[in-house]
file structure_35.pdb (PDB, C-alpha atoms, pLDDT in the B column)
MODEL        1
ATOM      1  CA  MET F   1    -147.642 -48.787  85.375  1.00 41.00           C
ATOM      2  CA  ALA F   2    -151.329 -48.156  84.722  1.00 43.00           C
ATOM      3  CA  GLY F   3    -154.553 -49.327  86.332  1.00 42.00           C
ATOM      4  CA  ARG F   4    -156.773 -48.729  83.304  1.00 42.00           C
ATOM      5  CA  TYR F   5    -155.601 -47.574  79.936  1.00 42.00           C
ATOM      6  CA  GLY F   6    -154.401 -44.017  80.474  1.00 48.00           C
ATOM      7  CA  MET F   7    -154.871 -44.129  84.244  1.00 61.00           C
ATOM      8  CA  SER F   8    -152.211 -44.809  86.834  1.00 82.00           C
ATOM      9  CA  PHE F   9    -152.778 -47.287  89.656  1.00 85.00           C
ATOM     10  CA  ALA F  10    -152.466 -44.379  92.089  1.00 90.00           C
ATOM     11  CA  LYS F  11    -155.211 -42.428  90.288  1.00 90.00           C
ATOM     12  CA  LYS F  12    -157.431 -45.514  90.302  1.00 91.00           C
ATOM     13  CA  HIS F  13    -156.980 -45.808  94.082  1.00 92.00           C
ATOM     14  CA  ILE F  14    -157.687 -42.096  94.546  1.00 93.00           C
ATOM     15  CA  ASP F  15    -160.907 -42.431  92.564  1.00 92.00           C
ATOM     16  CA  GLN F  16    -161.896 -45.346  94.799  1.00 93.00           C
ATOM     17  CA  GLY F  17    -161.107 -43.417  97.989  1.00 94.00           C
ATOM     18  CA  ASP F  18    -158.142 -45.679  98.873  1.00 94.00           C
ATOM     19  CA  TYR F  19    -155.708 -42.857  99.580  1.00 95.00           C
ATOM     20  CA  GLU F  20    -153.079 -44.854 101.481  1.00 96.00           C
ATOM     21  CA  GLU F  21    -153.023 -47.386  98.627  1.00 95.00           C
ATOM     22  CA  ALA F  22    -152.653 -44.490  96.189  1.00 94.00           C
ATOM     23  CA  ILE F  23    -149.666 -43.187  98.152  1.00 96.00           C
ATOM     24  CA  SER F  24    -148.092 -46.649  98.040  1.00 96.00           C
ATOM     25  CA  ALA F  25    -148.739 -47.080  94.314  1.00 93.00           C
ATOM     26  CA  ALA F  26    -147.345 -43.655  93.439  1.00 95.00           C
ATOM     27  CA  THR F  27    -144.312 -44.183  95.681  1.00 96.00           C
ATOM     28  CA  GLU F  28    -143.645 -47.488  93.934  1.00 95.00           C
ATOM     29  CA  GLU F  29    -143.803 -45.702  90.571  1.00 93.00           C
ATOM     30  CA  ILE F  30    -141.384 -42.999  91.743  1.00 94.00           C
ATOM     31  CA  GLU F  31    -138.962 -45.438  93.346  1.00 95.00           C
ATOM     32  CA  GLY F  32    -139.201 -47.638  90.253  1.00 94.00           C
ATOM     33  CA  GLY F  33    -137.680 -44.880  88.172  1.00 93.00           C
ATOM     34  CA  ASN F  34    -140.695 -43.032  86.795  1.00 92.00           C
ATOM     35  CA  GLU F  35    -139.345 -39.478  86.713  1.00 92.00           C
ATOM     36  CA  ALA F  36    -142.467 -37.866  85.276  1.00 92.00           C
ATOM     37  CA  ALA F  37    -144.635 -35.321  87.084  1.00 95.00           C
ATOM     38  CA  GLU F  38    -147.736 -37.550  87.166  1.00 94.00           C
ATOM     39  CA  PRO F  39    -146.795 -39.957  89.973  1.00 95.00           C
ATOM     40  CA  LEU F  40    -145.698 -36.994  92.121  1.00 97.00           C
ATOM     41  CA  PHE F  41    -149.004 -35.280  91.390  1.00 97.00           C
ATOM     42  CA  ASP F  42    -150.938 -38.452  92.223  1.00 96.00           C
ATOM     43  CA  ARG F  43    -149.075 -38.978  95.485  1.00 97.00           C
ATOM     44  CA  ALA F  44    -149.461 -35.307  96.429  1.00 98.00           C
ATOM     45  CA  THR F  45    -153.191 -35.522  95.749  1.00 97.00           C
ATOM     46  CA  ALA F  46    -153.494 -38.591  97.963  1.00 97.00           C
ATOM     47  CA  TYR F  47    -151.437 -36.923 100.703  1.00 98.00           C
ATOM     48  CA  GLU F  48    -153.735 -33.909 100.589  1.00 97.00           C
ATOM     49  CA  LEU F  49    -156.820 -36.093 100.806  1.00 97.00           C
ATOM     50  CA  CYS F  50    -155.256 -37.703 103.912  1.00 97.00           C
ATOM     51  CA  GLU F  51    -154.711 -34.169 105.264  1.00 97.00           C
ATOM     52  CA  ARG F  52    -150.938 -34.628 105.124  1.00 98.00           C
ATOM     53  CA  TYR F  53    -150.570 -31.164 103.662  1.00 98.00           C
ATOM     54  CA  ALA F  54    -146.830 -30.640 104.149  1.00 97.00           C
ATOM     55  CA  ASP F  55    -146.095 -33.925 102.358  1.00 98.00           C
ATOM     56  CA  ALA F  56    -148.500 -32.916  99.592  1.00 98.00           C
ATOM     57  CA  VAL F  57    -146.784 -29.547  99.158  1.00 98.00           C
ATOM     58  CA  THR F  58    -143.378 -31.197  98.807  1.00 98.00           C
ATOM     59  CA  ASP F  59    -144.600 -33.488  96.018  1.00 98.00           C
ATOM     60  CA  PHE F  60    -146.612 -30.757  94.281  1.00 98.00           C
ATOM     61  CA  GLU F  61    -143.496 -28.561  94.226  1.00 97.00           C
ATOM     62  CA  ARG F  62    -141.464 -31.356  92.662  1.00 97.00           C
ATOM     63  CA  ALA F  63    -144.270 -31.996  90.138  1.00 97.00           C
ATOM     64  CA  ILE F  64    -144.350 -28.298  89.225  1.00 96.00           C
ATOM     65  CA  GLU F  65    -140.613 -28.284  88.520  1.00 95.00           C
ATOM     66  CA  LYS F  66    -140.836 -31.429  86.392  1.00 95.00           C
ATOM     67  CA  ASN F  67    -143.936 -30.171  84.606  1.00 95.00           C
ATOM     68  CA  ARG F  68    -142.193 -26.973  83.559  1.00 92.00           C
ATOM     69  CA  ALA F  69    -139.827 -29.103  81.496  1.00 90.00           C
ATOM     70  CA  GLU F  70    -142.208 -31.790  80.223  1.00 87.00           C
ATOM     71  CA  LYS F  71    -145.643 -30.064  80.182  1.00 90.00           C
ATOM     72  CA  GLU F  72    -147.328 -33.342  81.135  1.00 89.00           C
ATOM     73  CA  LEU F  73    -149.985 -31.946  83.495  1.00 93.00           C
ATOM     74  CA  ASP F  74    -152.583 -29.211  83.042  1.00 95.00           C
ATOM     75  CA  PRO F  75    -150.993 -26.168  84.707  1.00 94.00           C
ATOM     76  CA  PHE F  76    -154.355 -24.859  85.963  1.00 96.00           C
ATOM     77  CA  VAL F  77    -155.113 -28.137  87.729  1.00 95.00           C
ATOM     78  CA  LEU F  78    -151.601 -28.228  89.176  1.00 96.00           C
ATOM     79  CA  ASP F  79    -151.861 -24.601  90.355  1.00 97.00           C
ATOM     80  CA  ASP F  80    -155.190 -25.212  92.126  1.00 97.00           C
ATOM     81  CA  ALA F  81    -154.019 -28.421  93.739  1.00 97.00           C
ATOM     82  CA  TYR F  82    -150.744 -26.869  94.899  1.00 98.00           C
ATOM     83  CA  PHE F  83    -152.434 -23.801  96.383  1.00 98.00           C
ATOM     84  CA  SER F  84    -155.015 -25.931  98.162  1.00 97.00           C
ATOM     85  CA  ALA F  85    -152.279 -28.030  99.781  1.00 98.00           C
ATOM     86  CA  ALA F  86    -150.159 -24.976 100.606  1.00 98.00           C
ATOM     87  CA  LEU F  87    -153.133 -23.292 102.251  1.00 97.00           C
ATOM     88  CA  GLY F  88    -153.990 -26.446 104.201  1.00 97.00           C
ATOM     89  CA  ALA F  89    -150.399 -26.669 105.416  1.00 98.00           C
ATOM     90  CA  ALA F  90    -150.298 -22.960 106.280  1.00 98.00           C
ATOM     91  CA  ARG F  91    -153.530 -23.142 108.284  1.00 96.00           C
ATOM     92  CA  GLU F  92    -152.187 -26.087 110.280  1.00 97.00           C
ATOM     93  CA  GLU F  93    -148.782 -24.461 110.786  1.00 97.00           C
ATOM     94  CA  ALA F  94    -150.349 -21.171 111.896  1.00 96.00           C
ATOM     95  CA  LYS F  95    -151.569 -22.897 115.046  1.00 96.00           C
ATOM     96  CA  THR F  96    -147.980 -23.304 116.264  1.00 97.00           C
ATOM     97  CA  ASN F  97    -145.704 -21.288 113.974  1.00 98.00           C
ATOM     98  CA  LEU F  98    -147.219 -18.260 112.254  1.00 97.00           C
ATOM     99  CA  LYS F  99    -143.918 -17.253 110.638  1.00 98.00           C
ATOM    100  CA  GLN F 100    -143.632 -20.667 108.956  1.00 98.00           C
ATOM    101  CA  ALA F 101    -147.264 -20.503 107.826  1.00 98.00           C
ATOM    102  CA  LEU F 102    -146.758 -17.082 106.238  1.00 98.00           C
ATOM    103  CA  ALA F 103    -143.557 -18.291 104.555  1.00 98.00           C
ATOM    104  CA  ARG F 104    -145.494 -21.237 103.109  1.00 98.00           C
ATOM    105  CA  LEU F 105    -147.800 -18.829 101.292  1.00 98.00           C
ATOM    106  CA  ASP F 106    -144.837 -16.683 100.206  1.00 98.00           C
ATOM    107  CA  ARG F 107    -143.380 -19.857  98.688  1.00 98.00           C
ATOM    108  CA  TYR F 108    -146.546 -20.360  96.620  1.00 98.00           C
ATOM    109  CA  ARG F 109    -145.999 -16.938  95.016  1.00 97.00           C
ATOM    110  CA  GLU F 110    -142.272 -17.572  94.514  1.00 97.00           C
ATOM    111  CA  LEU F 111    -142.838 -20.887  92.784  1.00 95.00           C
ATOM    112  CA  TRP F 112    -145.956 -19.833  90.882  1.00 93.00           C
ATOM    113  CA  PRO F 113    -145.791 -16.023  90.434  1.00 95.00           C
ATOM    114  CA  GLU F 114    -148.321 -16.186  87.599  1.00 94.00           C
ATOM    115  CA  GLY F 115    -150.637 -18.472  89.600  1.00 94.00           C
ATOM    116  CA  SER F 116    -154.343 -17.835  89.865  1.00 96.00           C
ATOM    117  CA  HIS F 117    -154.184 -17.670  93.662  1.00 97.00           C
ATOM    118  CA  VAL F 118    -151.569 -14.937  94.172  1.00 97.00           C
ATOM    119  CA  VAL F 119    -154.064 -12.387  95.551  1.00 97.00           C
ATOM    120  CA  GLU F 120    -155.842 -15.069  97.553  1.00 96.00           C
ATOM    121  CA  SER F 121    -152.534 -16.146  99.118  1.00 97.00           C
ATOM    122  CA  ARG F 122    -151.976 -12.579 100.351  1.00 97.00           C
ATOM    123  CA  ASP F 123    -155.530 -12.420 101.730  1.00 96.00           C
ATOM    124  CA  TRP F 124    -154.948 -15.666 103.603  1.00 96.00           C
ATOM    125  CA  GLN F 125    -151.767 -14.270 105.104  1.00 97.00           C
ATOM    126  CA  LYS F 126    -153.844 -11.357 106.432  1.00 96.00           C
ATOM    127  CA  ARG F 127    -156.413 -13.801 107.823  1.00 95.00           C
ATOM    128  CA  LEU F 128    -153.735 -15.866 109.534  1.00 96.00           C
ATOM    129  CA  ARG F 129    -152.293 -12.694 111.119  1.00 95.00           C
ATOM    130  CA  GLY F 130    -155.795 -11.684 112.267  1.00 92.00           C
ATOM    131  CA  GLU F 131    -155.896  -8.633 109.989  1.00 93.00           C
ATOM    132  CA  LEU F 132    -158.757  -9.851 107.817  1.00 89.00           C
ATOM    133  CA  PRO F 133    -161.749 -11.766 109.140  1.00 83.00           C
ATOM    134  CA  SER F 134    -162.569 -15.134 107.714  1.00 71.00           C
ATOM    135  CA  LEU F 135    -165.897 -15.500 105.967  1.00 68.00           C
ATOM    136  CA  LEU F 136    -166.723 -18.003 108.690  1.00 63.00           C
ATOM    137  CA  ASP F 137    -166.289 -15.270 111.323  1.00 60.00           C
ATOM    138  CA  LYS F 138    -169.502 -13.648 110.091  1.00 59.00           C
ATOM    139  CA  THR F 139    -171.543 -16.639 111.231  1.00 53.00           C
ATOM    140  CA  LYS F 140    -169.994 -17.148 114.685  1.00 53.00           C
ATOM    141  CA  ASP F 141    -172.480 -15.075 116.688  1.00 52.00           C
ATOM    142  CA  VAL F 142    -175.564 -15.638 114.549  1.00 45.00           C
ATOM    143  CA  ASP F 143    -177.418 -17.314 117.429  1.00 49.00           C
ATOM    144  CA  ALA F 144    -176.500 -14.535 119.853  1.00 49.00           C
ATOM    145  CA  VAL F 145    -178.788 -12.053 118.036  1.00 43.00           C
TER     146      VAL F 145
ENDMDL
END
call {"tool": "encode", "arguments": {"input": "structure_35.pdb", "output": "structure tokens"}}
result
Amino acid sequence: MAGRYGMSFAKKHIDQGDYEEAISAATEEIEGGNEAAEPLFDRATAYELCERYADAVTDFERAIEKNRAEKELDPFVLDDAYFSAALGAAREEAKTNLKQALARLDRYRELWPEGSHVVESRDWQKRLRGELPSLLDKTKDVDAV
């Protein structure tokens, strides 16, 4: 089902900032039997924009698996989107469960070992463990000088 020629209803809603509507439209596509990677990608994107990172990661992972077979989506776009959601989920999880947060970033490397964020995922694990300062840490005491 498409909103405009070549554009899914979910993508149209994302472009309009209607993320909950995008989730509904993509879910309808998936439940209606569309087994392609695109509706999973669209729903994951909308989940991420709603800051529902764990849900986004689940759909991105399913989209990655489907895309390996069908090559429907640009792998670079999928890699970036997946890492962004995985990092968002890991940062949230680190507040209550550091082990789970670190495992989330391990999972990125397991699923996408050739991904463009492999080194960055390791750096973020160090940041979450407190071994590497965040770039934001350098601005914390600026007014104290």
call {"tool": "closest_residue", "arguments": {"input": "structure_35.pdb", "among": "F:Glu65, F:Asp74, F:Glu93, F:Glu131", "to": "Trp112 (chain F)", "atoms": "only C-alpha atoms"}}
result
F:Glu65
call {"tool": "residues_around", "arguments": {"input": "structure_35.pdb", "residues": "Ala86 (chain F)", "least_positions_apart": "5", "cutoff": "8 Å", "atoms": "only C-alpha atoms", "output": "ChimeraX atom specification"}}
result
/F:53-54,57,104-105,108
call {"tool": "write_last_selection", "arguments": {"input": "structure_35.pdb", "atoms": "C-alpha atoms", "output": "compact mmCIF listing (two decimals), keeping the file's coordinate frame"}}
result
# COMPACT_ATOMS: atom_id res chain seq x y z
CA TYR F 53 -150.57 -31.16 103.66
CA ALA F 54 -146.83 -30.64 104.15
CA VAL F 57 -146.78 -29.55 99.16
CA ARG F 104 -145.49 -21.24 103.11
CA LEU F 105 -147.80 -18.83 101.29
CA TYR F 108 -146.55 -20.36 96.62
call {"tool": "residues_around", "arguments": {"input": "structure_35.pdb", "residues": "region 75-81 of chain F", "least_positions_apart": "2", "cutoff": "10 Å", "atoms": "only C-alpha atoms", "output": "PyMOL selection string"}}
result
chain F and resi 41+44-45+48+56-57+60-61+63-64+67-68+71-73+83-87+108+112+114-117
call {"tool": "resolve_selection", "arguments": {"input": "structure_35.pdb", "expression": "the PyMOL selection byres ((chain F and resi 27-34) around 12)", "output": "ChimeraX atom specification"}}
result
/F:1-2,8-11,20-26,35-44,46-47,59,62-63,66
call {"tool": "atom_distance", "arguments": {"input": "structure_35.pdb", "atom1": "CA of Arg52 (chain F)", "atom2": "CA of Gly88 (chain F)"}}
result
8.8 Å
call {"tool": "atom_distance", "arguments": {"input": "structure_35.pdb", "atom1": "CA of Ser121 (chain F)", "atom2": "CA of Gly17 (chain F)"}}
result
28.6 Å
